[in-house]
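Scroll down for the structure; my scribbles are underneath it.
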Amino acid sequence: MNHTYRVLKSDIELFAAALSQARVYVVQSLREDMVSVVDYGGTIEKFSPESVKIAGAYYIRNQLEFRVDVKKDSTGM
């Protein structure tokens, strides 16, 4: 199964995810080709330049990756 996701890096991407109440999950890179899911998450409650608060827990932005699933539409994107 091919899993398509978008990594949220910038403040505007995090803000858009928070406004749309997208389900965000948190992953940590173990190696170049392997990641570990830290939390299957929820919606973004708060964020700052240093951290993101999801489902009551704070996560450090420069140590983790924040992802949202991307649904394919009829254009094949």
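All residue names refer to the structure tokens as shown: chains lettered A, B, ... in order, residues numbered from 1 in each chain, ligands numbered from 1 in order.
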#### Entry: Contact residues around Phe15 of chain A with only C-alpha atoms at 12 Å, ignoring same-chain residues under 2 positions, as number ranges by chain
A: 8-13, 17-22, 24, 43-49, 52
Restricting the output to all heavy atoms, write the selected residues as a compact mmCIF listing (two decimals), in the first residue's frame.
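result-v6.txt, written as the output of this step:
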```
# COMPACT_ATOMS: atom_id res chain seq x y z
N LEU A 8 4.75 18.83 7.51
CA LEU A 8 4.48 20.21 7.90
C LEU A 8 5.76 20.79 8.49
O LEU A 8 6.22 20.35 9.54
CB LEU A 8 3.37 20.25 8.94
CG LEU A 8 2.06 19.56 8.55
CD1 LEU A 8 1.09 19.57 9.71
CD2 LEU A 8 1.46 20.19 7.32
N LYS A 9 6.33 21.78 7.81
CA LYS A 9 7.59 22.36 8.26
C LYS A 9 7.45 23.82 8.68
O LYS A 9 7.98 24.23 9.69
CB LYS A 9 8.64 22.26 7.15
CG LYS A 9 9.06 20.85 6.83
CD LYS A 9 10.11 20.84 5.75
CE LYS A 9 10.48 19.42 5.40
NZ LYS A 9 11.46 19.37 4.31
N SER A 10 6.74 24.58 7.90
CA SER A 10 6.67 26.02 8.16
C SER A 10 5.52 26.36 9.11
O SER A 10 4.60 25.57 9.32
CB SER A 10 6.48 26.78 6.84
OG SER A 10 5.19 26.51 6.32
N ASP A 11 5.58 27.57 9.64
CA ASP A 11 4.51 28.06 10.51
C ASP A 11 3.17 28.09 9.76
O ASP A 11 2.15 27.74 10.32
CB ASP A 11 4.83 29.45 11.03
CG ASP A 11 5.90 29.45 12.12
OD1 ASP A 11 6.22 28.37 12.65
OD2 ASP A 11 6.40 30.55 12.44
N ILE A 12 3.20 28.49 8.50
CA ILE A 12 1.94 28.60 7.74
C ILE A 12 1.33 27.22 7.50
O ILE A 12 0.12 27.06 7.54
CB ILE A 12 2.13 29.40 6.43
CG1 ILE A 12 0.79 29.81 5.83
CG2 ILE A 12 2.94 28.63 5.43
CD1 ILE A 12 0.06 30.85 6.61
N GLU A 13 2.17 26.20 7.28
CA GLU A 13 1.66 24.84 7.11
C GLU A 13 1.04 24.32 8.40
O GLU A 13 -0.02 23.70 8.39
CB GLU A 13 2.77 23.90 6.64
CG GLU A 13 3.24 24.18 5.23
CD GLU A 13 4.50 23.43 4.87
OE1 GLU A 13 5.36 23.21 5.74
OE2 GLU A 13 4.62 23.07 3.68
N ALA A 17 -2.98 23.51 9.05
CA ALA A 17 -3.40 22.22 9.61
C ALA A 17 -4.23 22.43 10.87
O ALA A 17 -5.21 21.73 11.10
CB ALA A 17 -2.19 21.34 9.90
N ALA A 18 -3.83 23.40 11.69
CA ALA A 18 -4.58 23.69 12.91
C ALA A 18 -5.98 24.22 12.57
O ALA A 18 -6.98 23.79 13.16
CB ALA A 18 -3.83 24.70 13.77
N LEU A 19 -6.06 25.14 11.60
CA LEU A 19 -7.36 25.71 11.21
C LEU A 19 -8.30 24.66 10.62
O LEU A 19 -9.50 24.66 10.90
CB LEU A 19 -7.17 26.82 10.18
CG LEU A 19 -6.81 28.19 10.72
CD1 LEU A 19 -6.65 29.16 9.56
CD2 LEU A 19 -7.83 28.69 11.71
N SER A 20 -7.74 23.77 9.82
CA SER A 20 -8.58 22.75 9.18
C SER A 20 -8.82 21.55 10.10
O SER A 20 -9.54 20.63 9.73
CB SER A 20 -7.93 22.27 7.88
OG SER A 20 -6.72 21.60 8.15
N GLN A 21 -8.20 21.57 11.28
CA GLN A 21 -8.31 20.49 12.26
C GLN A 21 -7.92 19.14 11.66
O GLN A 21 -8.53 18.11 11.93
CB GLN A 21 -9.71 20.45 12.87
CG GLN A 21 -10.04 21.70 13.65
CD GLN A 21 -11.36 21.62 14.36
OE1 GLN A 21 -12.25 20.87 13.98
NE2 GLN A 21 -11.49 22.39 15.41
N ALA A 22 -6.85 19.18 10.86
CA ALA A 22 -6.32 17.95 10.25
C ALA A 22 -5.67 17.08 11.32
O ALA A 22 -5.09 17.59 12.27
CB ALA A 22 -5.30 18.31 9.18
N VAL A 24 -2.81 15.19 12.65
CA VAL A 24 -1.37 15.26 12.47
C VAL A 24 -0.72 14.14 13.27
O VAL A 24 -1.09 13.91 14.42
CB VAL A 24 -0.83 16.63 12.95
CG1 VAL A 24 0.69 16.69 12.82
CG2 VAL A 24 -1.48 17.76 12.17
N THR A 43 -5.29 16.74 16.42
CA THR A 43 -5.24 18.10 15.87
C THR A 43 -4.23 18.95 16.63
O THR A 43 -3.95 18.72 17.81
CB THR A 43 -6.63 18.75 15.92
OG1 THR A 43 -7.07 18.79 17.28
CG2 THR A 43 -7.63 18.01 15.07
N ILE A 44 -3.71 19.95 15.94
CA ILE A 44 -2.76 20.87 16.55
C ILE A 44 -3.52 21.83 17.44
O ILE A 44 -4.46 22.50 17.00
CB ILE A 44 -1.97 21.63 15.48
CG1 ILE A 44 -1.09 20.67 14.69
CG2 ILE A 44 -1.13 22.75 16.10
CD1 ILE A 44 -0.37 21.30 13.51
N GLU A 45 -3.13 21.90 18.70
CA GLU A 45 -3.76 22.80 19.66
C GLU A 45 -3.01 24.13 19.75
O GLU A 45 -3.62 25.17 20.02
CB GLU A 45 -3.81 22.15 21.04
CG GLU A 45 -4.63 20.88 21.06
CD GLU A 45 -4.52 20.12 22.36
OE1 GLU A 45 -3.81 20.57 23.29
OE2 GLU A 45 -5.15 19.06 22.46
N LYS A 46 -1.69 24.07 19.55
CA LYS A 46 -0.86 25.24 19.73
C LYS A 46 0.50 24.95 19.10
O LYS A 46 0.93 23.80 19.06
CB LYS A 46 -0.71 25.45 21.23
CG LYS A 46 0.00 26.66 21.70
CD LYS A 46 -0.04 26.63 23.24
CE LYS A 46 0.55 27.86 23.83
NZ LYS A 46 0.53 27.81 25.30
N PHE A 47 1.19 25.99 18.62
CA PHE A 47 2.56 25.80 18.15
C PHE A 47 3.36 27.08 18.34
O PHE A 47 2.80 28.17 18.42
CB PHE A 47 2.61 25.31 16.69
CG PHE A 47 2.17 26.32 15.68
CD1 PHE A 47 3.08 27.17 15.08
CD2 PHE A 47 0.84 26.41 15.30
CE1 PHE A 47 2.67 28.10 14.14
CE2 PHE A 47 0.42 27.32 14.36
CZ PHE A 47 1.34 28.17 13.78
N SER A 48 4.66 26.90 18.44
CA SER A 48 5.59 28.01 18.57
C SER A 48 6.80 27.67 17.70
O SER A 48 6.86 26.58 17.13
CB SER A 48 6.01 28.17 20.03
OG SER A 48 6.87 27.12 20.42
N PRO A 49 7.78 28.55 17.62
CA PRO A 49 8.98 28.21 16.84
C PRO A 49 9.72 26.98 17.38
O PRO A 49 10.42 26.31 16.64
CB PRO A 49 9.86 29.46 16.96
CG PRO A 49 8.88 30.57 17.19
CD PRO A 49 7.79 29.97 18.03
N VAL A 52 5.29 22.00 19.12
CA VAL A 52 3.93 21.84 18.64
C VAL A 52 3.17 21.05 19.70
O VAL A 52 3.65 20.02 20.17
CB VAL A 52 3.89 21.08 17.29
CG1 VAL A 52 2.47 20.87 16.81
CG2 VAL A 52 4.69 21.81 16.23
```
### Query
Looking only at the backbone, which of the residues in chain A does DSSP tag as strand (DSSP E), as a PyMOL selection string?
chain A and resi 5-8+24-31+34-42+44-47+51-54+57-60+65-69
Selected residues written out with C-alpha atoms, as a JSON list (two decimals), in the first residue's frame:
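Done, and the output landed in selection_12.json:
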```
[["chain", "number", "residue", "atom", "x", "y", "z"],
["A", 5, "TYR", "CA", 1.65, 12.30, 3.28],
["A", 6, "ARG", "CA", 2.80, 15.91, 3.56],
["A", 7, "VAL", "CA", 5.44, 17.03, 6.04],
["A", 8, "LEU", "CA", 4.48, 20.21, 7.90],
["A", 24, "VAL", "CA", -1.37, 15.26, 12.47],
["A", 25, "TYR", "CA", 0.95, 12.44, 13.41],
["A", 26, "VAL", "CA", 4.47, 12.73, 14.77],
["A", 27, "VAL", "CA", 7.43, 10.70, 13.52],
["A", 28, "GLN", "CA", 11.11, 10.50, 14.32],
["A", 29, "SER", "CA", 13.78, 9.57, 11.80],
["A", 30, "LEU", "CA", 15.83, 6.60, 12.89],
["A", 31, "ARG", "CA", 17.90, 6.33, 9.72],
["A", 34, "MET", "CA", 13.40, 4.26, 8.52],
["A", 35, "VAL", "CA", 11.11, 6.25, 10.82],
["A", 36, "SER", "CA", 9.32, 5.55, 14.06],
["A", 37, "VAL", "CA", 5.83, 6.86, 14.75],
["A", 38, "VAL", "CA", 6.06, 8.72, 18.06],
["A", 39, "ASP", "CA", 2.34, 9.50, 18.24],
["A", 40, "TYR", "CA", -0.59, 8.92, 15.94],
["A", 41, "GLY", "CA", -1.62, 12.34, 17.15],
["A", 42, "GLY", "CA", -4.63, 14.44, 16.60],
["A", 44, "ILE", "CA", -2.76, 20.87, 16.55],
["A", 45, "GLU", "CA", -3.76, 22.80, 19.66],
["A", 46, "LYS", "CA", -0.86, 25.24, 19.73],
["A", 47, "PHE", "CA", 2.56, 25.80, 18.15],
["A", 51, "SER", "CA", 7.30, 23.15, 19.79],
["A", 52, "VAL", "CA", 3.93, 21.84, 18.64],
["A", 53, "LYS", "CA", 1.14, 20.83, 21.03],
["A", 54, "ILE", "CA", -0.96, 17.92, 19.78],
["A", 57, "ALA", "CA", 1.46, 16.72, 24.51],
["A", 58, "TYR", "CA", 4.31, 18.99, 23.40],
["A", 59, "TYR", "CA", 6.76, 17.92, 20.70],
["A", 60, "ILE", "CA", 10.05, 19.62, 19.78],
["A", 65, "GLU", "CA", 8.56, 15.47, 11.81],
["A", 66, "PHE", "CA", 4.87, 16.37, 11.67],
["A", 67, "ARG", "CA", 2.83, 14.74, 8.92],
["A", 68, "VAL", "CA", -0.71, 14.79, 7.55],
["A", 69, "ASP", "CA", -2.19, 12.28, 5.15]]
```
